[in-house]
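Data file: entry23.txt. Format and content: compact mmCIF, C-alpha atoms and all ligand atoms.
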# COMPACT_ATOMS: atom_id res chain seq x y z
CA MET A 1 68.87 105.13 63.12
CA THR A 2 72.00 105.48 65.24
CA LYS A 3 75.11 106.33 63.23
CA LYS A 4 77.93 103.77 63.08
CA VAL A 5 81.46 104.69 64.18
CA ALA A 6 84.63 102.91 63.12
CA ILE A 7 85.92 101.81 66.50
CA ASN A 8 87.45 98.47 67.37
CA TRP A 9 85.73 98.01 70.74
CA ASP A 10 88.18 95.31 71.83
CA GLN A 11 91.19 97.62 71.35
CA LEU A 12 89.88 100.47 73.49
CA GLY A 13 92.01 101.70 76.36
CA PHE A 14 91.73 105.00 78.23
CA ASP A 15 93.00 107.33 75.50
CA TYR A 16 91.20 110.49 74.45
CA ILE A 17 88.81 109.98 71.56
CA LYS A 18 86.93 112.95 70.19
CA THR A 19 83.23 112.24 70.19
CA ASP A 20 80.67 114.36 68.33
CA TYR A 21 79.14 116.60 71.00
CA ARG A 22 79.92 118.11 74.39
CA TYR A 23 77.91 120.34 76.73
CA LEU A 24 79.23 123.84 77.33
CA SER A 25 77.96 126.49 79.71
CA PHE A 26 79.33 129.85 80.90
CA TRP A 27 78.91 131.63 84.21
CA LYS A 28 79.18 135.41 84.32
CA ASP A 29 77.69 138.20 86.43
CA GLY A 30 76.37 135.75 88.98
CA GLN A 31 74.54 133.34 86.71
CA TRP A 32 74.82 130.39 84.37
CA ASP A 33 73.68 130.76 80.77
CA ASP A 34 71.36 128.16 79.20
CA GLY A 35 74.23 125.91 78.04
CA VAL A 36 74.59 124.42 74.55
CA MET A 37 75.69 121.21 72.89
CA THR A 38 78.64 121.92 70.62
CA GLU A 39 80.85 120.04 68.17
CA ASP A 40 83.85 122.25 69.05
CA ASN A 41 86.21 120.38 71.37
CA VAL A 42 88.55 123.35 71.89
CA LEU A 43 88.04 125.70 74.83
CA HIS A 44 88.79 129.37 74.29
CA LEU A 45 90.16 131.16 77.34
CA GLY A 46 92.28 134.12 78.27
CA GLU A 47 95.95 133.72 79.12
CA ALA A 48 95.33 134.96 82.67
CA ALA A 49 92.50 132.51 83.41
CA PRO A 50 92.90 131.46 87.10
CA CYS A 51 92.46 127.77 86.26
CA LEU A 52 95.73 127.92 84.32
CA HIS A 53 97.76 129.62 87.05
CA TYR A 54 96.23 128.71 90.37
CA GLY A 55 94.44 125.46 89.60
CA GLN A 56 90.93 126.74 90.22
CA GLN A 57 89.19 123.80 88.59
CA CYS A 58 87.47 120.55 89.49
CA PHE A 59 86.17 117.54 87.63
CA GLU A 60 84.26 114.28 87.86
CA GLY A 61 84.41 110.86 86.21
CA LEU A 62 81.55 108.43 85.72
CA LYS A 63 80.35 105.91 83.19
CA ALA A 64 77.37 105.05 81.00
CA TYR A 65 76.80 101.41 80.08
CA ARG A 66 74.95 99.55 77.33
CA THR A 67 72.79 96.76 78.76
CA LYS A 68 72.11 93.34 77.23
CA ALA A 69 68.75 94.65 75.98
CA GLY A 70 70.54 97.56 74.28
CA GLU A 71 69.39 100.18 76.76
CA ILE A 72 71.74 102.88 78.06
CA GLN A 73 72.20 103.58 81.75
CA LEU A 74 74.32 105.73 84.05
CA PHE A 75 75.61 104.57 87.43
CA ARG A 76 74.97 106.83 90.44
CA VAL A 77 75.21 110.10 88.50
CA ASP A 78 73.50 111.92 91.39
CA GLN A 79 76.46 111.06 93.62
CA ASN A 80 78.89 112.57 91.13
CA ALA A 81 76.69 115.68 90.97
CA LYS A 82 76.87 116.04 94.76
CA ARG A 83 80.63 115.47 94.94
CA PHE A 84 81.09 118.01 92.14
CA GLN A 85 79.14 120.57 94.15
CA ASP A 86 81.36 119.88 97.12
CA SER A 87 84.51 120.42 95.01
CA CYS A 88 83.07 123.70 93.62
CA GLN A 89 82.29 124.99 97.09
CA ARG A 90 85.76 124.12 98.39
CA LEU A 91 87.40 126.16 95.59
CA LEU A 92 84.90 129.04 95.78
CA MET A 93 83.40 128.26 92.39
CA PRO A 94 79.70 128.62 91.54
CA VAL A 95 77.72 125.46 92.20
CA ILE A 96 75.98 123.60 89.40
CA PRO A 97 72.44 122.52 90.34
CA GLU A 98 72.18 118.73 90.58
CA GLU A 99 69.48 118.61 87.87
CA THR A 100 71.65 120.66 85.47
CA PHE A 101 74.63 118.35 86.06
CA ILE A 102 72.56 115.20 85.52
CA LYS A 103 70.77 116.57 82.45
CA ALA A 104 74.09 117.67 80.90
CA CYS A 105 75.52 114.16 81.40
CA LEU A 106 72.40 112.50 79.96
CA ASP A 107 72.32 114.87 76.97
CA VAL A 108 76.00 114.25 76.20
CA VAL A 109 75.53 110.48 76.37
CA LYS A 110 72.45 110.63 74.15
CA ALA A 111 74.17 112.87 71.58
CA ASN A 112 77.14 110.46 71.42
CA GLU A 113 75.16 107.24 71.60
CA ALA A 114 77.07 105.77 68.66
CA TYR A 115 80.22 105.73 70.80
CA ILE A 116 78.84 103.59 73.62
CA PRO A 117 80.59 100.21 73.46
CA PRO A 118 78.22 97.27 72.93
CA TYR A 119 77.26 95.01 75.85
CA GLY A 120 79.73 92.16 76.24
CA THR A 121 82.83 94.08 75.14
CA GLY A 122 83.58 95.20 78.69
CA GLY A 123 83.74 98.80 77.45
CA SER A 124 81.71 101.80 78.56
CA LEU A 125 81.30 105.49 77.85
CA TYR A 126 83.41 107.55 80.25
CA ILE A 127 81.85 110.91 81.11
CA ARG A 128 84.08 113.80 82.21
CA PRO A 129 82.28 116.85 83.65
CA MET A 130 84.56 119.72 84.66
CA MET A 131 84.56 123.33 85.74
CA ILE A 132 87.33 125.88 85.24
CA GLY A 133 87.80 129.42 86.47
CA VAL A 134 88.29 131.77 83.49
CA GLY A 135 88.28 135.51 82.83
CA ASN A 136 91.64 137.28 82.99
CA CYS A 137 92.76 137.78 86.58
CA VAL A 138 96.37 137.56 87.77
CA ALA A 139 95.70 138.17 91.47
CA VAL A 140 95.21 135.07 93.60
CA LYS A 141 91.45 135.20 94.05
CA PRO A 142 88.41 133.40 92.64
CA ALA A 143 87.79 133.86 88.92
CA SER A 144 85.14 136.25 87.68
CA GLU A 145 83.87 133.82 85.04
CA TYR A 146 83.53 130.03 84.80
CA ILE A 147 83.10 127.32 82.19
CA PHE A 148 81.23 124.11 82.95
CA THR A 149 81.62 121.46 80.30
CA VAL A 150 80.90 117.75 79.95
CA PHE A 151 82.52 115.56 77.34
CA CYS A 152 82.67 111.81 76.93
CA MET A 153 84.71 109.10 75.26
CA PRO A 154 84.48 105.34 74.89
CA VAL A 155 86.84 103.39 77.14
CA GLY A 156 87.78 99.73 77.18
CA ALA A 157 87.57 97.05 79.82
CA TYR A 158 90.26 97.69 82.43
CA PHE A 159 91.05 94.00 82.78
CA LYS A 160 90.91 92.31 79.41
CA GLY A 161 91.59 88.79 80.63
CA GLY A 162 89.86 88.72 84.02
CA LEU A 163 90.74 90.35 87.32
CA THR A 164 94.51 90.33 87.79
CA PRO A 165 96.18 91.40 91.05
CA VAL A 166 98.96 93.99 90.92
CA ASN A 167 101.51 95.16 93.48
CA PHE A 168 101.86 98.63 95.00
CA MET A 169 104.57 100.38 96.98
CA VAL A 170 104.15 102.81 99.85
CA SER A 171 105.24 106.32 98.90
CA ASP A 172 107.11 108.80 101.09
CA TYR A 173 105.19 111.60 99.33
CA ASP A 174 101.74 112.85 100.32
CA ARG A 175 99.06 113.45 97.71
CA ALA A 176 97.03 115.81 99.89
CA ALA A 177 97.40 117.75 103.12
CA CYS A 178 95.50 116.82 106.25
CA ASN A 179 93.06 119.73 106.01
CA GLY A 180 93.68 120.35 102.32
CA THR A 181 91.69 119.32 99.26
CA GLY A 182 92.15 115.54 99.37
CA GLN A 183 88.40 115.07 99.81
CA GLN A 184 87.63 117.00 96.63
CA LYS A 185 88.22 116.03 93.03
CA VAL A 186 90.45 118.93 92.06
CA GLY A 187 93.32 118.95 89.60
CA GLY A 188 95.98 120.04 92.09
CA ASN A 189 95.71 116.73 93.95
CA TYR A 190 96.53 114.89 90.74
CA ALA A 191 99.42 117.16 89.72
CA ALA A 192 100.88 116.54 93.18
CA SER A 193 100.63 112.77 92.73
CA MET A 194 102.41 112.39 89.39
CA LEU A 195 105.98 112.18 90.70
CA ALA A 196 105.11 109.56 93.32
CA HIS A 197 103.27 107.56 90.65
CA GLU A 198 106.24 107.81 88.28
CA ILE A 199 108.67 106.58 90.94
CA ALA A 200 106.44 103.62 91.77
CA VAL A 201 106.12 102.65 88.10
CA GLN A 202 109.89 102.94 87.58
CA LYS A 203 110.39 100.55 90.47
CA GLY A 204 108.04 98.03 88.86
CA TYR A 205 104.84 98.70 90.82
CA ALA A 206 101.44 99.53 89.39
CA ASP A 207 101.16 102.66 91.52
CA CYS A 208 101.88 103.92 95.01
CA ILE A 209 100.00 103.80 98.28
CA TYR A 210 99.68 107.10 100.14
CA LEU A 211 99.75 107.15 103.92
CA ASP A 212 98.03 109.75 106.06
CA PRO A 213 99.92 113.06 105.82
CA THR A 214 100.05 113.65 109.58
CA THR A 215 101.53 110.44 111.00
CA HIS A 216 102.46 108.33 107.95
CA THR A 217 101.12 105.24 109.70
CA LYS A 218 97.70 104.72 108.06
CA ILE A 219 96.68 103.85 104.51
CA GLU A 220 94.89 106.66 102.65
CA GLU A 221 94.64 106.02 98.91
CA VAL A 222 95.91 103.50 96.37
CA GLY A 223 97.04 105.77 93.52
CA ALA A 224 93.78 107.34 92.30
CA ALA A 225 91.56 104.78 94.01
CA ASN A 226 90.35 103.97 97.52
CA PHE A 227 91.66 101.02 99.55
CA PHE A 228 89.59 98.21 101.01
CA GLY A 229 90.54 95.03 102.81
CA ILE A 230 88.65 91.86 103.71
CA THR A 231 89.70 90.82 107.21
CA ARG A 232 90.39 87.22 108.15
CA ASP A 233 87.07 87.23 110.01
CA ASN A 234 85.29 88.45 106.83
CA ARG A 235 84.74 92.14 107.54
CA PHE A 236 84.88 94.74 104.75
CA VAL A 237 87.19 97.50 106.01
CA THR A 238 88.09 100.76 104.32
CA PRO A 239 90.05 103.80 105.60
CA ASN A 240 88.35 106.68 107.34
CA SER A 241 90.20 109.93 106.72
CA PRO A 242 89.51 113.59 105.94
CA SER A 243 92.07 113.66 103.14
CA ILE A 244 90.88 110.86 100.84
CA LEU A 245 88.41 111.21 97.98
CA PRO A 246 85.03 109.75 98.99
CA SER A 247 84.87 107.12 96.25
CA ILE A 248 81.41 106.38 94.91
CA THR A 249 82.58 102.86 94.05
CA LYS A 250 83.78 102.42 97.64
CA TYR A 251 80.42 103.46 99.11
CA SER A 252 78.67 101.15 96.65
CA LEU A 253 80.89 98.25 97.73
CA LEU A 254 80.32 99.05 101.41
CA TYR A 255 76.58 98.78 100.76
CA LEU A 256 76.82 95.56 98.72
CA ALA A 257 79.19 93.90 101.19
CA GLU A 258 76.71 94.55 103.98
CA HIS A 259 73.37 94.07 102.24
CA VAL A 260 74.12 91.48 99.56
CA LEU A 261 77.08 89.54 100.96
CA GLY A 262 75.91 89.87 104.56
CA MET A 263 79.32 91.04 105.82
CA ALA A 264 80.12 93.37 108.69
CA VAL A 265 81.53 96.60 107.26
CA SER A 266 83.52 99.45 108.72
CA GLU A 267 85.31 102.69 107.85
CA GLU A 268 88.23 102.85 110.26
CA ASP A 269 91.95 103.49 110.55
CA VAL A 270 93.96 101.00 108.50
CA PHE A 271 97.48 100.89 109.91
CA ILE A 272 100.21 99.98 107.44
CA ASP A 273 101.83 97.82 110.13
CA GLU A 274 98.66 95.75 110.58
CA LEU A 275 98.17 94.33 107.10
CA ASP A 276 98.21 90.78 108.47
CA GLN A 277 94.58 91.19 109.50
CA PHE A 278 93.51 91.11 105.83
CA ALA A 279 92.89 87.96 103.83
CA GLU A 280 92.26 90.02 100.68
CA ALA A 281 92.75 93.63 99.61
CA GLY A 282 91.78 95.78 96.68
CA ALA A 283 91.68 99.26 95.18
CA CYS A 284 88.34 100.59 93.99
CA GLY A 285 87.23 103.36 91.66
CA THR A 286 85.26 104.11 88.52
CA ALA A 287 88.09 103.18 86.12
CA ALA A 288 88.68 99.56 87.10
CA VAL A 289 85.79 99.05 89.55
CA ILE A 290 88.14 96.83 91.60
CA THR A 291 91.85 96.19 91.20
CA PRO A 292 92.88 93.27 93.41
CA ILE A 293 96.01 94.12 95.38
CA GLY A 294 98.55 91.30 95.16
CA GLY A 295 101.00 92.83 97.62
CA ILE A 296 102.18 96.07 99.18
CA PHE A 297 105.88 96.89 99.40
CA HIS A 298 106.78 98.74 102.58
CA HIS A 299 109.98 98.91 104.66
CA ASN A 300 111.89 96.63 102.29
CA ARG A 301 109.32 93.88 102.39
CA LEU A 302 106.46 92.83 100.11
CA HIS A 303 103.38 91.96 102.10
CA VAL A 304 101.28 89.58 99.98
CA PHE A 305 97.55 89.34 100.70
CA TYR A 306 95.57 86.58 98.99
CA SER A 307 97.87 85.91 96.05
CA GLU A 308 100.04 87.80 93.56
CA THR A 309 98.37 86.03 90.65
CA ALA A 310 94.78 85.16 91.58
CA VAL A 311 91.85 87.23 92.82
CA GLY A 312 90.36 86.31 96.21
CA PRO A 313 86.79 84.95 96.42
CA VAL A 314 85.21 87.89 98.29
CA THR A 315 86.85 90.48 96.02
CA LYS A 316 85.59 88.51 93.01
CA LYS A 317 82.06 88.31 94.37
CA LEU A 318 82.01 92.06 95.06
CA TYR A 319 83.31 92.79 91.57
CA ASP A 320 80.76 90.49 89.91
CA THR A 321 77.87 91.95 91.91
CA LEU A 322 78.75 95.58 91.24
CA THR A 323 79.47 95.12 87.53
CA ALA A 324 76.22 93.15 87.11
CA ILE A 325 74.32 96.16 88.49
CA GLN A 326 76.25 98.63 86.33
CA LEU A 327 75.53 96.57 83.21
CA GLY A 328 71.87 96.00 84.03
CA ASP A 329 72.16 92.25 84.62
CA LEU A 330 71.15 92.66 88.26
CA ALA A 331 68.72 95.14 89.76
CA GLY A 332 70.57 97.69 91.89
CA PRO A 333 69.38 99.44 95.04
CA GLU A 334 66.83 102.21 94.52
CA GLY A 335 68.28 105.22 92.71
CA TRP A 336 71.61 103.72 91.64
CA ILE A 337 70.73 103.52 87.94
CA THR A 338 69.51 106.34 85.70
CA LYS A 339 68.23 105.11 82.35
CA LEU A 340 68.44 107.33 79.32
C1 LIG B 1 92.06 110.02 94.19
C2 LIG B 1 90.92 109.13 93.87
N1 LIG B 1 90.46 108.29 94.83
C3 LIG B 1 89.42 107.48 94.59
C4 LIG B 1 88.78 107.45 93.37
C5 LIG B 1 87.61 106.56 93.15
O1 LIG B 1 86.43 107.31 93.17
P1 LIG B 1 85.15 106.82 92.38
O2 LIG B 1 84.81 105.47 92.87
O3 LIG B 1 84.10 107.81 92.72
O4 LIG B 1 85.52 106.82 90.94
C6 LIG B 1 89.24 108.28 92.34
C7 LIG B 1 88.60 108.26 91.01
O5 LIG B 1 87.71 108.97 90.75
C8 LIG B 1 90.31 109.15 92.59
O6 LIG B 1 90.75 109.98 91.64
Now that the file is in, can you turn its structure into C-alpha cells?
Ligand SMILES: Cc1ncc(COP(=O)(O)O)c(C=O)c1O
Amino acid sequence: MTKKVAINWDQLGFDYIKTDYRYLSFWKDGQWDDGVMTEDNVLHLGEAAPCLHYGQQCFEGLKAYRTKAGEIQLFRVDQNAKRFQDSCQRLLMPVIPEETFIKACLDVVKANEAYIPPYGTGGSLYIRPMMIGVGNCVAVKPASEYIFTVFCMPVGAYFKGGLTPVNFMVSDYDRAACNGTGQQKVGGNYAASMLAHEIAVQKGYADCIYLDPTTHTKIEEVGAANFFGITRDNRFVTPNSPSILPSITKYSLLYLAEHVLGMAVSEEDVFIDELDQFAEAGACGTAAVITPIGGIFHHNRLHVFYSETAVGPVTKKLYDTLTAIQLGDLAGPEGWITKL
C-alpha cells in the first residue's frame, strides 16, 4: 500500500519540499557508476568544485501527473533527456544516455509516489534532473568528476482560479548572448536574468520580456518561458532564434495548433514593433503550461492583446488540449506519454 503524506494539495506552490528518495550517480575516470537511490538530500562536494565557481552545471524540469484512473504518467521525458544531453555537450560535461536519464526519472517518481498530487487538484510532481562539475579544480577548465542527480517535489496548480492574463515589460538587459548558452538549460542563464526579473516585478509586472541580444528589435523569451502569438488571421507564431531555450511545451503547442486546431504555424522573427498583428499572446513552459499575456509594456506604452483580464479563445483551447493530454484525459500523439 502506498504511504500517506501530510500535504494539503490545494495549498501547494513551487516551494522546495523534501521527498523521500533521489537518484544519485557519480562520473569519474571516464565513466558513470551504477547510480543509487538515496534518502540523503545533501550533496557533498569540494570547495573548489567547478560548478560552484564557473557555473559548470545544467538542469532540466519536467512533470509527472496522476490520471483520473490513478495511473502515473510523465510528459515527453525523452525530449528533456535530449535537451539535457545538448546542455551537457555545450558545457563539456559527460553525456547521460537517454535510457539512464529516463529510468532515473521513472525510478524517482515511483519511489516518491506518495507525493504525487491526486487528479483534480491541478498539482503534479515536478522532476528536477541536474548535473554538476565537481572534483577540486581552480583552473578554468572542465571538471574531472561529475554528479548527476534527480530529485522531485510536489507542486501546485499555477493558476488556482482559471487562466489569468498578466502583463510583462520589455527589459533593456539580455539574458543570453547571441552565440552563447541561451539554447541550453544552464544555471548561468538564470543567474543573469535575476536582476531584470527583479526590476520588472518592482515595477508591477509579472516578469520581463527579453529582446534579441544583437538588434534589440525581436522578442526572444518571456521571463523563463517562450513567447507565442495568435495572429489576427489565426496563425500560431513563435520566435525563431539561436539564443532562446527550445521549450518542449512550445513544440507541443506548435504540433497541437497545427494538427488538432488546424491552424497554420510558424517559427519566425517576432518584431516588438509589430505586436498589432496578434489577437492573442501567451508565454509557455512546463511550470504554467500557458500564461496568457495581457499586455506588454514597451517604449512607455502598454500594448494590450486580447484582454488584461480574460484569456482568449485560441489560447484557452490550446491550454485545455495540452493539459488534457498531460493528465491522461485525451490521448496524445505517439510517444508523448510515458506511463510508470
Ligand atoms: C528560459 C526558459 N525558456 C523556456 C522554458 C520553457 O521550456 P519547457 O516548455 O521545456 O519547460 C523554460 C522552462 O523550462 C525556461 O527556463
- Close residues, Gly30 in chain A itself excluded, 10 Å, only C-alpha atoms, min 5 positions apart in chain, as a PyMOL selection string: chain A and resi 94+144-145
Margin query: How would you report the residues lying within 7 Å of ligand LIG 1 (chain B), as a PyMOL selection string, if you count all atoms listed in the file?
Written below: chain A and resi 60-62+185+221+223-226+244-250+284-287
In Å and to one decimal, CA of Val5 in chain A is distant from CA of Tyr23 in chain A by 20.4 Å
* **Residue nearest Asp34 in chain A among A:Glu280, A:Thr100, A:Leu92, A:Ile116 (counting only C-alpha atoms)** =>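 Of the candidates, the smallest distance to Asp34 in chain A is held by A:Thr100.
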From the list A:Val138, A:Glu220, A:Leu52, A:Leu302, the nearest residue to Gly187 in chain A using only C-alpha atoms is A:Leu52
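With distances restricted to all atoms listed in the file, A:Asn179 is the closest residue to Pro213 in chain A from A:Ser252, A:Ser124, A:Asn8, A:Asn179.
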Selection near Glu308 in chain A, 12 Å with only C-alpha atoms, sequence-local residues under 6 positions removed, as a count of residues only: 16
Q | Residue nearest Gln277 in chain A - candidates A:Gly229, A:Pro313, A:Gly13, A:Pro242, atoms counted: all atoms listed in the file | A |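 When distances to Gln277 in chain A are compared using all atoms listed in the file, the smallest one comes from A:Gly229.
Among the candidates A:Thr309, A:Phe14, A:Thr121, A:Thr19, the one nearest to Lys68 in chain A when counting all atoms listed in the file is A:Thr121.
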Q. Do you know which residues lie at most 10 Å from (104.4, 104.4, 93.7), with coordinates as in the file and all atoms listed in the file counted, and could you write them as a list of chain:residue names?
A. A:Asn167, A:Phe168, A:Met169, A:Val170, A:Ser171, A:Asp172, A:Tyr173, A:Ser193, A:Met194, A:Leu195, A:Ala196, A:His197, A:Glu198, A:Ile199, A:Ala200, A:Val201, A:Gln202, A:Lys203, A:Gly204, A:Tyr205, A:Ala206, A:Asp207, A:Cys208, A:Ile209, A:Tyr210, A:Val222, A:Gly223, A:Phe297
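Excluding range 258-273 of chain A and any residue on its chain fewer than 5 positions from it, the residues at most 6 Å away by all atoms listed in the file are A:Thr217, A:Lys218, A:Ile219, A:Arg235, A:Phe236, A:Val237, A:Thr238, A:Pro239, A:Asn240.
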